[in-house]
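Here is upload.pdb, consisting of PDB, C-alpha atoms:
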ATOM      1  CA  MET V   1     -99.823 -77.011  25.208
ATOM      2  CA  LYS V   2     -98.779 -73.540  24.166
ATOM      3  CA  GLU V   3     -95.045 -72.811  24.042
ATOM      4  CA  ILE V   4     -93.203 -69.501  24.429
ATOM      5  CA  ASN V   5     -91.715 -68.393  21.138
ATOM      6  CA  ILE V   6     -90.144 -65.358  19.525
ATOM      7  CA  LYS V   7     -92.872 -63.787  17.417
ATOM      8  CA  GLY V   8     -91.228 -60.591  16.164
ATOM      9  CA  PHE V   9     -88.034 -58.537  16.000
ATOM     10  CA  GLY V  10     -87.417 -54.799  15.870
ATOM     11  CA  ALA V  11     -84.511 -52.364  16.161
ATOM     12  CA  TYR V  12     -83.621 -48.727  15.908
ATOM     13  CA  ALA V  13     -80.388 -46.713  15.832
ATOM     14  CA  PRO V  14     -80.058 -42.928  15.541
ATOM     15  CA  SER V  15     -79.279 -41.544  12.092
ATOM     16  CA  LEU V  16     -76.102 -39.642  13.050
ATOM     17  CA  VAL V  17     -73.053 -41.722  12.104
ATOM     18  CA  ILE V  18     -69.731 -40.931  13.802
ATOM     19  CA  THR V  19     -66.789 -42.541  12.016
ATOM     20  CA  ASN V  20     -63.344 -43.315  13.366
ATOM     21  CA  ASP V  21     -61.997 -40.417  11.314
ATOM     22  CA  ASP V  22     -64.497 -38.125  13.039
ATOM     23  CA  LEU V  23     -63.190 -39.243  16.442
ATOM     24  CA  SER V  24     -59.593 -38.669  15.358
ATOM     25  CA  LYS V  25     -60.441 -34.958  15.253
ATOM     26  CA  ILE V  26     -61.296 -34.806  18.967
ATOM     27  CA  VAL V  27     -58.930 -37.361  20.553
ATOM     28  CA  ASP V  28     -55.488 -38.749  19.717
ATOM     29  CA  THR V  29     -56.543 -41.756  17.651
ATOM     30  CA  SER V  30     -56.920 -42.964  14.072
ATOM     31  CA  ASP V  31     -59.108 -45.232  11.989
ATOM     32  CA  GLU V  32     -56.307 -47.813  11.824
ATOM     33  CA  TRP V  33     -55.765 -47.768  15.612
ATOM     34  CA  ILE V  34     -59.466 -48.206  16.420
ATOM     35  CA  THR V  35     -60.187 -50.799  13.722
ATOM     36  CA  SER V  36     -57.175 -52.976  14.530
ATOM     37  CA  ARG V  37     -57.958 -53.032  18.256
ATOM     38  CA  THR V  38     -61.760 -53.222  18.212
ATOM     39  CA  GLY V  39     -63.125 -53.977  14.739
ATOM     40  CA  ILE V  40     -65.335 -50.885  15.025
ATOM     41  CA  LYS V  41     -65.530 -48.530  12.031
ATOM     42  CA  GLU V  42     -68.428 -46.296  13.064
ATOM     43  CA  ARG V  43     -71.157 -45.861  15.643
ATOM     44  CA  ARG V  44     -74.540 -44.097  15.913
ATOM     45  CA  ILE V  45     -74.983 -41.145  18.262
ATOM     46  CA  SER V  46     -78.265 -39.678  19.460
ATOM     47  CA  GLU V  47     -79.037 -36.053  18.673
ATOM     48  CA  GLY V  48     -81.556 -35.520  21.439
ATOM     49  CA  GLU V  49     -83.304 -38.894  21.286
ATOM     50  CA  ASP V  50     -83.558 -40.509  24.710
ATOM     51  CA  THR V  51     -83.451 -44.215  25.476
ATOM     52  CA  SER V  52     -87.245 -44.293  25.658
ATOM     53  CA  GLN V  53     -87.568 -42.966  22.106
ATOM     54  CA  ILE V  54     -85.149 -45.590  20.794
ATOM     55  CA  SER V  55     -87.073 -48.245  22.724
ATOM     56  CA  ILE V  56     -90.445 -47.083  21.420
ATOM     57  CA  LYS V  57     -89.325 -47.208  17.783
ATOM     58  CA  ALA V  58     -87.835 -50.690  18.190
ATOM     59  CA  ALA V  59     -90.960 -51.861  20.039
ATOM     60  CA  LYS V  60     -93.331 -50.579  17.355
ATOM     61  CA  MET V  61     -91.366 -52.421  14.669
ATOM     62  CA  ALA V  62     -91.439 -55.673  16.652
ATOM     63  CA  LEU V  63     -95.177 -55.308  17.306
ATOM     64  CA  ASP V  64     -95.908 -54.576  13.659
ATOM     65  CA  ARG V  65     -94.000 -57.665  12.530
ATOM     66  CA  SER V  66     -95.802 -59.717  15.178
ATOM     67  CA  LYS V  67     -99.172 -58.408  13.967
ATOM     68  CA  LEU V  68     -99.969 -57.392  17.551
ATOM     69  CA  LYS V  69    -101.219 -54.171  19.129
ATOM     70  CA  GLY V  70    -100.011 -52.527  22.312
ATOM     71  CA  GLU V  71    -103.098 -53.688  24.183
ATOM     72  CA  ASP V  72    -102.101 -57.312  23.445
ATOM     73  CA  ILE V  73     -98.918 -56.976  25.517
ATOM     74  CA  ASP V  74     -98.990 -58.278  29.107
ATOM     75  CA  LEU V  75     -95.385 -57.546  30.126
ATOM     76  CA  ILE V  76     -92.719 -55.017  29.147
ATOM     77  CA  VAL V  77     -89.124 -55.457  30.335
ATOM     78  CA  VAL V  78     -86.530 -52.869  29.319
ATOM     79  CA  ALA V  79     -82.837 -53.502  29.939
ATOM     80  CA  THR V  80     -80.828 -50.283  30.138
ATOM     81  CA  ILE V  81     -78.188 -48.404  32.127
ATOM     82  CA  THR V  82     -79.114 -45.069  30.518
ATOM     83  CA  PRO V  83     -82.763 -44.409  31.407
ATOM     84  CA  ASP V  84     -84.318 -41.045  30.630
ATOM     85  CA  MET V  85     -84.869 -40.486  34.365
ATOM     86  CA  PHE V  86     -84.962 -42.421  37.638
ATOM     87  CA  THR V  87     -88.752 -42.662  37.442
ATOM     88  CA  PRO V  88     -90.928 -43.334  35.571
ATOM     89  CA  SER V  89     -89.026 -46.239  34.065
ATOM     90  CA  VAL V  90     -88.285 -46.491  30.365
ATOM     91  CA  ALA V  91     -90.654 -49.478  30.265
ATOM     92  CA  CYS V  92     -93.515 -47.328  31.557
ATOM     93  CA  LEU V  93     -92.732 -44.646  28.974
ATOM     94  CA  VAL V  94     -92.855 -47.331  26.276
ATOM     95  CA  GLN V  95     -96.120 -48.650  27.731
ATOM     96  CA  LYS V  96     -97.725 -45.220  27.408
ATOM     97  CA  GLU V  97     -96.604 -44.625  23.824
ATOM     98  CA  ILE V  98     -97.594 -48.027  22.424
ATOM     99  CA  GLY V  99    -100.902 -48.147  24.298
ATOM    100  CA  ALA V 100    -100.054 -51.265  26.311
ATOM    101  CA  LYS V 101    -102.727 -50.503  28.897
ATOM    102  CA  ASN V 102    -102.873 -54.114  30.134
ATOM    103  CA  ALA V 103     -99.144 -54.547  30.700
ATOM    104  CA  MET V 104     -96.890 -54.780  33.725
ATOM    105  CA  ALA V 105     -93.780 -52.699  32.944
ATOM    106  CA  PHE V 106     -90.362 -52.274  34.569
ATOM    107  CA  ASP V 107     -86.649 -51.773  33.835
ATOM    108  CA  ILE V 108     -83.679 -53.927  34.778
ATOM    109  CA  ASN V 109     -79.993 -52.996  35.038
ATOM    110  CA  ALA V 110     -77.485 -55.667  34.078
ATOM    111  CA  ALA V 111     -75.392 -53.510  31.724
ATOM    112  CA  CYS V 112     -74.255 -55.401  28.612
ATOM    113  CA  SER V 113     -75.880 -58.617  29.871
ATOM    114  CA  GLY V 114     -79.184 -56.779  30.262
ATOM    115  CA  PHE V 115     -81.008 -58.144  27.228
ATOM    116  CA  ILE V 116     -80.135 -61.728  28.191
ATOM    117  CA  TYR V 117     -81.313 -61.147  31.755
ATOM    118  CA  GLY V 118     -84.444 -59.438  30.436
ATOM    119  CA  MET V 119     -85.274 -62.419  28.234
ATOM    120  CA  GLN V 120     -84.814 -64.796  31.149
ATOM    121  CA  VAL V 121     -86.989 -62.667  33.455
ATOM    122  CA  ALA V 122     -89.751 -62.332  30.850
ATOM    123  CA  TYR V 123     -89.672 -66.036  29.955
ATOM    124  CA  SER V 124     -89.874 -67.037  33.624
ATOM    125  CA  MET V 125     -92.730 -64.617  34.335
ATOM    126  CA  MET V 126     -94.651 -65.885  31.322
ATOM    127  CA  LYS V 127     -94.262 -69.423  32.649
ATOM    128  CA  ILE V 128     -95.698 -68.640  36.089
ATOM    129  CA  ASN V 129     -98.242 -65.944  35.181
ATOM    130  CA  ASN V 130    -101.157 -65.804  32.813
ATOM    131  CA  PHE V 131     -99.155 -63.707  30.344
ATOM    132  CA  THR V 132     -99.555 -64.356  26.626
ATOM    133  CA  ASN V 133     -97.313 -61.690  25.081
ATOM    134  CA  ALA V 134     -94.196 -59.977  26.415
ATOM    135  CA  LEU V 135     -92.030 -57.233  24.976
ATOM    136  CA  VAL V 136     -88.314 -57.404  25.835
ATOM    137  CA  ILE V 137     -86.168 -54.406  24.920
ATOM    138  CA  GLY V 138     -82.475 -53.618  25.214
ATOM    139  CA  ALA V 139     -81.651 -49.978  24.480
ATOM    140  CA  GLU V 140     -79.043 -47.364  25.375
ATOM    141  CA  THR V 141     -77.901 -43.799  24.823
ATOM    142  CA  LEU V 142     -74.350 -44.378  26.021
ATOM    143  CA  SER V 143     -73.226 -41.076  24.513
ATOM    144  CA  LYS V 144     -74.648 -39.507  27.712
ATOM    145  CA  ILE V 145     -72.058 -41.233  29.893
ATOM    146  CA  VAL V 146     -69.009 -41.516  27.639
ATOM    147  CA  ASP V 147     -65.915 -39.464  28.452
ATOM    148  CA  TRP V 148     -65.237 -37.912  25.064
ATOM    149  CA  GLU V 149     -61.691 -37.027  26.137
ATOM    150  CA  ASP V 150     -60.734 -40.628  26.966
ATOM    151  CA  ARG V 151     -59.599 -42.330  23.769
ATOM    152  CA  SER V 152     -59.570 -45.764  25.403
ATOM    153  CA  THR V 153     -63.354 -45.715  25.917
ATOM    154  CA  CYS V 154     -64.976 -43.074  23.696
ATOM    155  CA  VAL V 155     -64.087 -45.027  20.546
ATOM    156  CA  LEU V 156     -66.015 -48.083  21.742
ATOM    157  CA  PHE V 157     -69.574 -47.015  22.423
ATOM    158  CA  GLY V 158     -72.678 -46.097  20.456
ATOM    159  CA  ASP V 159     -76.423 -45.566  20.847
ATOM    160  CA  GLY V 160     -79.242 -47.846  19.730
ATOM    161  CA  GLY V 161     -81.396 -50.777  20.700
ATOM    162  CA  GLY V 162     -83.703 -53.581  19.735
ATOM    163  CA  ALA V 163     -86.804 -55.447  20.816
ATOM    164  CA  VAL V 164     -88.370 -58.882  20.594
ATOM    165  CA  VAL V 165     -91.914 -60.045  21.215
ATOM    166  CA  LEU V 166     -92.289 -63.307  23.123
ATOM    167  CA  SER V 167     -95.630 -65.069  22.689
ATOM    168  CA  LYS V 168     -97.350 -68.212  23.913
ATOM    169  CA  GLU V 169     -98.720 -69.964  20.863
ATOM    170  CA  ASP V 170     -99.129 -73.342  19.210
ATOM    171  CA  LYS V 171     -97.291 -72.428  16.035
ATOM    172  CA  ASN V 172     -93.632 -72.247  16.924
ATOM    173  CA  PHE V 173     -91.092 -69.790  15.650
ATOM    174  CA  SER V 174     -88.544 -70.677  18.295
ATOM    175  CA  LYS V 175     -88.990 -74.188  19.646
ATOM    176  CA  LYS V 176     -86.660 -74.184  22.610
ATOM    177  CA  PHE V 177     -85.144 -71.838  25.178
ATOM    178  CA  SER V 178     -82.350 -72.792  27.575
ATOM    179  CA  PHE V 179     -80.654 -70.300  29.906
ATOM    180  CA  TYR V 180     -77.350 -70.047  31.770
ATOM    181  CA  SER V 181     -76.543 -66.839  33.702
ATOM    182  CA  LYS V 182     -74.138 -65.795  36.455
ATOM    183  CA  SER V 183     -72.809 -62.683  38.208
ATOM    184  CA  GLU V 184     -69.402 -61.909  39.725
ATOM    185  CA  GLY V 185     -69.959 -58.864  41.908
ATOM    186  CA  ASP V 186     -66.482 -59.109  43.426
ATOM    187  CA  LYS V 187     -65.113 -57.871  40.077
ATOM    188  CA  GLY V 188     -67.512 -54.940  39.744
ATOM    189  CA  GLU V 189     -64.809 -52.285  40.004
ATOM    190  CA  PHE V 190     -63.391 -53.298  36.611
ATOM    191  CA  LEU V 191     -66.278 -51.629  34.742
ATOM    192  CA  THR V 192     -68.157 -48.770  36.384
ATOM    193  CA  THR V 193     -70.368 -45.752  35.829
ATOM    194  CA  TYR V 194     -71.304 -43.939  39.033
ATOM    195  CA  ALA V 195     -74.825 -42.664  39.587
ATOM    196  CA  PHE V 196     -75.269 -38.925  39.959
ATOM    197  CA  ASP V 197     -75.225 -37.885  43.607
ATOM    198  CA  VAL V 198     -78.376 -36.605  45.226
ATOM    199  CA  VAL V 199     -78.028 -32.861  45.768
ATOM    200  CA  ASN V 200     -76.450 -32.362  49.198
ATOM    201  CA  PRO V 201     -75.020 -29.099  50.592
ATOM    202  CA  TYR V 202     -72.266 -31.058  52.372
ATOM    203  CA  ILE V 203     -70.876 -32.573  49.173
ATOM    204  CA  LYS V 204     -67.868 -30.644  47.912
ATOM    205  CA  GLU V 205     -67.204 -30.500  44.174
ATOM    206  CA  LYS V 206     -63.809 -32.167  44.624
ATOM    207  CA  ASN V 207     -65.474 -35.162  46.288
ATOM    208  CA  ILE V 208     -67.959 -35.829  43.509
ATOM    209  CA  ARG V 209     -66.939 -38.949  41.594
ATOM    210  CA  ASN V 210     -66.394 -39.030  37.850
ATOM    211  CA  LYS V 211     -69.755 -39.992  36.335
ATOM    212  CA  LYS V 212     -68.394 -41.332  33.030
ATOM    213  CA  ILE V 213     -67.693 -44.912  31.960
ATOM    214  CA  TYR V 214     -64.528 -46.386  33.471
ATOM    215  CA  MET V 215     -63.141 -49.697  32.253
ATOM    216  CA  ASN V 216     -60.112 -51.804  33.138
ATOM    217  CA  GLY V 217     -59.626 -53.124  29.628
ATOM    218  CA  ARG V 218     -57.282 -55.989  30.473
ATOM    219  CA  GLU V 219     -59.514 -57.402  33.209
ATOM    220  CA  VAL V 220     -62.701 -56.956  31.181
ATOM    221  CA  PHE V 221     -61.109 -58.789  28.232
ATOM    222  CA  LYS V 222     -60.226 -61.747  30.464
ATOM    223  CA  PHE V 223     -63.710 -61.800  31.969
ATOM    224  CA  ALA V 224     -65.460 -61.472  28.600
ATOM    225  CA  THR V 225     -63.576 -64.271  26.865
ATOM    226  CA  THR V 226     -63.967 -66.598  29.842
ATOM    227  CA  SER V 227     -67.694 -65.798  29.987
ATOM    228  CA  ILE V 228     -68.247 -66.594  26.313
ATOM    229  CA  VAL V 229     -66.323 -69.864  26.407
ATOM    230  CA  ASN V 230     -67.908 -71.057  29.663
ATOM    231  CA  SER V 231     -71.429 -70.065  28.591
ATOM    232  CA  VAL V 232     -71.253 -71.900  25.284
ATOM    233  CA  LYS V 233     -69.754 -75.009  26.861
ATOM    234  CA  GLU V 234     -72.338 -75.064  29.664
ATOM    235  CA  LEU V 235     -75.326 -74.669  27.345
ATOM    236  CA  VAL V 236     -74.022 -77.397  25.045
ATOM    237  CA  LYS V 237     -73.504 -79.680  28.045
ATOM    238  CA  ILE V 238     -76.887 -78.926  29.647
ATOM    239  CA  ASN V 239     -78.716 -79.651  26.399
ATOM    240  CA  GLU V 240     -76.626 -82.736  25.543
ATOM    241  CA  ILE V 241     -75.623 -81.519  22.104
ATOM    242  CA  GLY V 242     -72.291 -80.878  20.418
ATOM    243  CA  ILE V 243     -70.791 -77.502  19.656
ATOM    244  CA  GLU V 244     -70.938 -78.526  16.006
ATOM    245  CA  ASP V 245     -74.750 -78.453  16.338
ATOM    246  CA  ILE V 246     -74.746 -74.683  16.953
ATOM    247  CA  ASP V 247     -75.320 -72.693  13.769
ATOM    248  CA  TYR V 248     -74.633 -69.184  15.102
ATOM    249  CA  ILE V 249     -73.277 -67.609  18.260
ATOM    250  CA  VAL V 250     -74.380 -64.010  18.810
ATOM    251  CA  CYS V 251     -72.227 -62.321  21.434
ATOM    252  CA  HIS V 252     -72.582 -58.900  22.959
ATOM    253  CA  GLN V 253     -70.910 -56.728  20.326
ATOM    254  CA  ALA V 254     -68.111 -55.282  22.435
ATOM    255  CA  ASN V 255     -64.889 -55.901  20.548
ATOM    256  CA  SER V 256     -63.893 -58.142  17.636
ATOM    257  CA  ARG V 257     -60.747 -59.257  19.471
ATOM    258  CA  ILE V 258     -62.873 -60.697  22.281
ATOM    259  CA  ILE V 259     -64.925 -62.687  19.780
ATOM    260  CA  ASP V 260     -61.885 -63.806  17.739
ATOM    261  CA  TYR V 261     -60.111 -65.055  20.863
ATOM    262  CA  SER V 262     -63.225 -66.864  22.102
ATOM    263  CA  ALA V 263     -63.705 -68.611  18.752
ATOM    264  CA  LYS V 264     -60.147 -69.941  18.924
ATOM    265  CA  LYS V 265     -60.608 -71.152  22.507
ATOM    266  CA  LEU V 266     -63.808 -72.949  21.483
ATOM    267  CA  GLY V 267     -62.123 -74.411  18.412
ATOM    268  CA  ILE V 268     -64.714 -73.141  15.949
ATOM    269  CA  GLY V 269     -64.566 -70.820  12.952
ATOM    270  CA  ILE V 270     -65.183 -67.117  13.317
ATOM    271  CA  ASP V 271     -67.837 -67.479  10.588
ATOM    272  CA  ARG V 272     -70.118 -69.086  13.204
ATOM    273  CA  PHE V 273     -70.184 -65.772  15.114
ATOM    274  CA  PHE V 274     -72.541 -63.097  13.798
ATOM    275  CA  MET V 275     -71.032 -59.611  14.120
ATOM    276  CA  ASN V 276     -72.239 -56.116  13.229
ATOM    277  CA  LEU V 277     -70.149 -54.114  15.710
ATOM    278  CA  ASP V 278     -68.298 -52.486  12.826
ATOM    279  CA  LYS V 279     -71.446 -50.404  12.174
ATOM    280  CA  TYR V 280     -72.774 -49.781  15.683
ATOM    281  CA  GLY V 281     -69.928 -50.184  18.168
ATOM    282  CA  ASN V 282     -70.746 -51.339  21.685
ATOM    283  CA  THR V 283     -74.378 -50.481  22.450
ATOM    284  CA  SER V 284     -74.433 -52.395  25.768
ATOM    285  CA  SER V 285     -77.856 -54.007  26.280
ATOM    286  CA  GLY V 286     -78.846 -52.938  22.763
ATOM    287  CA  SER V 287     -76.201 -54.916  20.902
ATOM    288  CA  ILE V 288     -77.713 -58.418  20.888
ATOM    289  CA  PRO V 289     -81.247 -57.377  19.834
ATOM    290  CA  LEU V 290     -79.721 -55.126  17.155
ATOM    291  CA  ALA V 291     -77.807 -58.155  15.860
ATOM    292  CA  LEU V 292     -80.859 -60.432  16.013
ATOM    293  CA  ASN V 293     -82.916 -57.941  14.035
ATOM    294  CA  GLU V 294     -80.248 -57.767  11.336
ATOM    295  CA  MET V 295     -80.073 -61.566  11.179
ATOM    296  CA  TYR V 296     -83.857 -61.668  10.788
ATOM    297  CA  GLU V 297     -83.787 -59.085   8.005
ATOM    298  CA  LYS V 298     -81.033 -61.028   6.200
ATOM    299  CA  GLY V 299     -83.040 -64.252   6.386
ATOM    300  CA  LEU V 300     -80.492 -66.046   8.570
ATOM    301  CA  LEU V 301     -82.964 -67.220  11.229
ATOM    302  CA  LYS V 302     -84.211 -70.235   9.310
ATOM    303  CA  GLU V 303     -86.381 -72.927  10.834
ATOM    304  CA  GLY V 304     -84.422 -75.643  12.616
ATOM    305  CA  ILE V 305     -81.239 -73.710  13.353
ATOM    306  CA  LYS V 306     -79.771 -73.372  16.830
ATOM    307  CA  ILE V 307     -78.264 -70.118  18.066
ATOM    308  CA  ILE V 308     -76.590 -69.139  21.317
ATOM    309  CA  LEU V 309     -76.802 -65.563  22.595
ATOM    310  CA  VAL V 310     -74.099 -64.457  25.050
ATOM    311  CA  GLY V 311     -74.046 -61.216  27.037
ATOM    312  CA  PHE V 312     -71.297 -60.031  29.388
ATOM    313  CA  GLY V 313     -70.536 -56.741  31.075
ATOM    314  CA  GLY V 314     -70.808 -54.494  34.096
ATOM    315  CA  GLY V 315     -71.613 -56.002  37.457
ATOM    316  CA  LEU V 316     -69.761 -58.021  36.472
ATOM    317  CA  THR V 317     -72.472 -60.109  34.852
ATOM    318  CA  TYR V 318     -72.831 -62.646  32.094
ATOM    319  CA  GLY V 319     -75.640 -64.704  30.661
ATOM    320  CA  SER V 320     -76.528 -66.869  27.700
ATOM    321  CA  ILE V 321     -79.514 -68.387  25.915
ATOM    322  CA  LEU V 322     -79.757 -71.343  23.551
ATOM    323  CA  ILE V 323     -82.650 -70.846  21.131
ATOM    324  CA  GLU V 324     -83.830 -73.438  18.634
ATOM    325  CA  ILE V 325     -85.663 -71.754  15.774
TER
END

Using structure tokens, write down the structure from this file.
Amino acid sequence: MKEINIKGFGAYAPSLVITNDDLSKIVDTSDEWITSRTGIKERRISEGEDTSQISIKAAKMALDRSKLKGEDIDLIVVATITPDMFTPSVACLVQKEIGAKNAMAFDINAACSGFIYGMQVAYSMMKINNFTNALVIGAETLSKIVDWEDRSTCVLFGDGGGAVVLSKEDKNFSKKFSFYSKSEGDKGEFLTTYAFDVVNPYIKEKNIRNKKIYMNGREVFKFATTSIVNSVKELVKINEIGIEDIDYIVCHQANSRIIDYSAKKLGIGIDRFFMNLDKYGNTSSGSIPLALNEMYEKGLLKEGIKIILVGFGGGLTYGSILIEI
């Protein structure tokens, strides 16, 4: 029987690097203030590249490493909160550019949990449909929706994304998938970005909501740390293994303090958590696939290891995946 496995990884981030010192020239902040509170040293910012272009570059890398062509793909799922436009979806734009003429393609919106949700959706659809290969992408251009005058949020976010190819095959790369995901919509007001209003002559300028990212940092921190701890404990329990059996935990790369606190609550060393947020900042749905790609390139995804991926963010949403390589 053929199993669903990860066949290839890809990622892309814009070339423009904005350092903490660069940000200190436009808002009241400093490298020391940002680093000590977030762990972030720099982030990538798009100079005209849309989310679709980031997605396409990550997808092409993942396909190349999988030794597949666009026409081999049956399903494309893109997780993003910063699409190029309302329609067509980013997934359909990717489909066109990679020549995936046989694919079903659509976007999902689960903010920073988006890649986890996208993986779960794709995996489930591959189980119930005659799909052999799926492309799952998490990508963002958050610079579009950041308030560059708000030092509490503009220092956090960056642009970029990654992709994985899921395939049904006899030869396993990843031998096991286990999922645990939840949403807490009653807490949605803690992290918001309002959609742009449809043009309406009765809307006054003073009534138009702020369209930039708003975050209640204290509440999001509590939610994030609880989500990580609960997700890891639930996946370990469901799969009847010990936390000591987990080789790496890859969290959404939001803030090093969130990850440090979660490691202490779980009673495990911070060295078990893979982090690259110092280079990319918070790229929302793009952060986990960016991290996975870097782990792949560093040779960390060795056969037999177990990793847990944990996403958490707007909605509020959270989700996790246990993968045995």

Listed atoms of region 50-62 of chain V boxed axis-aligned with 6 Å per side, centre + edges as AutoDock Vina command-line options:
--center_x -88.4 --center_y -48.1 --center_z 20.2 --size_x 21.9 --size_y 27.2 --size_z 23.0

With distances taken over only C-alpha atoms, which residue among V:Thr283, V:Gln53, V:Gln120, V:Ser36 lies nearest Leu93 (chain V)?
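Among the listed residues, V:Gln53 lies closest to Leu93 (chain V).
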
Measuring atom to atom with all atoms listed in the file, identify which of V:Ser66, V:Thr141, V:Asn109, V:Thr192 is nearest to Glu47 (chain V).
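Of the candidates, the smallest distance to Glu47 (chain V) is held by V:Thr141.
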
Nearest to Gly314 (chain V) by atom-to-atom distance, counting all atoms listed in the file, from V:Ala110, V:Ala11, V:Ile259, V:Ile116:
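Distance minimum relative to Gly314 (chain V) lands on V:Ala110.
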
The PyMOL selection byres ((chain V and resi 19-35) around 8) on the file shown: which residues, as a tab-separated table (two decimals) with C-alpha atoms, in the frame of the given file?
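Output (expr.tsv):
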chain	number	residue	atom	x	y	z
V	17	VAL	CA	-73.05	-41.72	12.10
V	18	ILE	CA	-69.73	-40.93	13.80
V	36	SER	CA	-57.18	-52.98	14.53
V	37	ARG	CA	-57.96	-53.03	18.26
V	38	THR	CA	-61.76	-53.22	18.21
V	39	GLY	CA	-63.12	-53.98	14.74
V	40	ILE	CA	-65.33	-50.88	15.02
V	41	LYS	CA	-65.53	-48.53	12.03
V	42	GLU	CA	-68.43	-46.30	13.06
V	43	ARG	CA	-71.16	-45.86	15.64
V	148	TRP	CA	-65.24	-37.91	25.06
V	149	GLU	CA	-61.69	-37.03	26.14
V	150	ASP	CA	-60.73	-40.63	26.97
V	151	ARG	CA	-59.60	-42.33	23.77
V	155	VAL	CA	-64.09	-45.03	20.55

Export region 131-147 of chain V, N, CA and C atoms, as a compact mmCIF listing (two decimals), in the first residue's frame; it's the structure right above.
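Result written to result_39.txt:
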# COMPACT_ATOMS: atom_id res chain seq x y z
N PHE V 131 -5.50 11.31 -5.66
CA PHE V 131 -4.41 12.26 -5.85
C PHE V 131 -3.10 11.57 -5.49
N THR V 132 -2.11 11.74 -6.35
CA THR V 132 -0.79 11.15 -6.10
C THR V 132 0.20 12.16 -5.54
N ASN V 133 0.15 13.40 -6.05
CA ASN V 133 1.10 14.43 -5.63
C ASN V 133 0.39 15.73 -5.29
N ALA V 134 0.76 16.31 -4.17
CA ALA V 134 0.18 17.59 -3.74
C ALA V 134 1.29 18.56 -3.40
N LEU V 135 1.04 19.82 -3.68
CA LEU V 135 1.96 20.90 -3.36
C LEU V 135 1.32 21.76 -2.28
N VAL V 136 1.99 21.87 -1.14
CA VAL V 136 1.49 22.69 -0.03
C VAL V 136 2.46 23.84 0.19
N ILE V 137 1.93 25.06 0.16
CA ILE V 137 2.76 26.26 0.23
C ILE V 137 2.26 27.17 1.35
N GLY V 138 3.20 27.74 2.09
CA GLY V 138 2.89 28.82 3.02
C GLY V 138 3.73 30.02 2.64
N ALA V 139 3.11 31.14 2.32
CA ALA V 139 3.87 32.30 1.83
C ALA V 139 3.16 33.60 2.18
N GLU V 140 3.94 34.64 2.42
CA GLU V 140 3.37 35.94 2.80
C GLU V 140 4.23 37.09 2.30
N THR V 141 3.55 38.22 2.07
CA THR V 141 4.21 39.53 1.94
C THR V 141 3.57 40.43 2.99
N LEU V 142 3.96 40.20 4.24
CA LEU V 142 3.36 40.92 5.36
C LEU V 142 3.71 42.40 5.37
N SER V 143 4.76 42.77 4.62
CA SER V 143 5.13 44.18 4.55
C SER V 143 3.99 45.03 4.00
N LYS V 144 3.04 44.40 3.28
CA LYS V 144 1.87 45.12 2.74
C LYS V 144 0.95 45.61 3.85
N ILE V 145 0.92 44.87 4.97
CA ILE V 145 -0.11 45.13 5.99
C ILE V 145 0.48 45.52 7.34
N VAL V 146 1.79 45.78 7.37
CA VAL V 146 2.44 46.21 8.60
C VAL V 146 2.31 47.72 8.75
N ASP V 147 2.05 48.18 9.96
CA ASP V 147 2.04 49.60 10.27
C ASP V 147 3.48 49.99 10.60
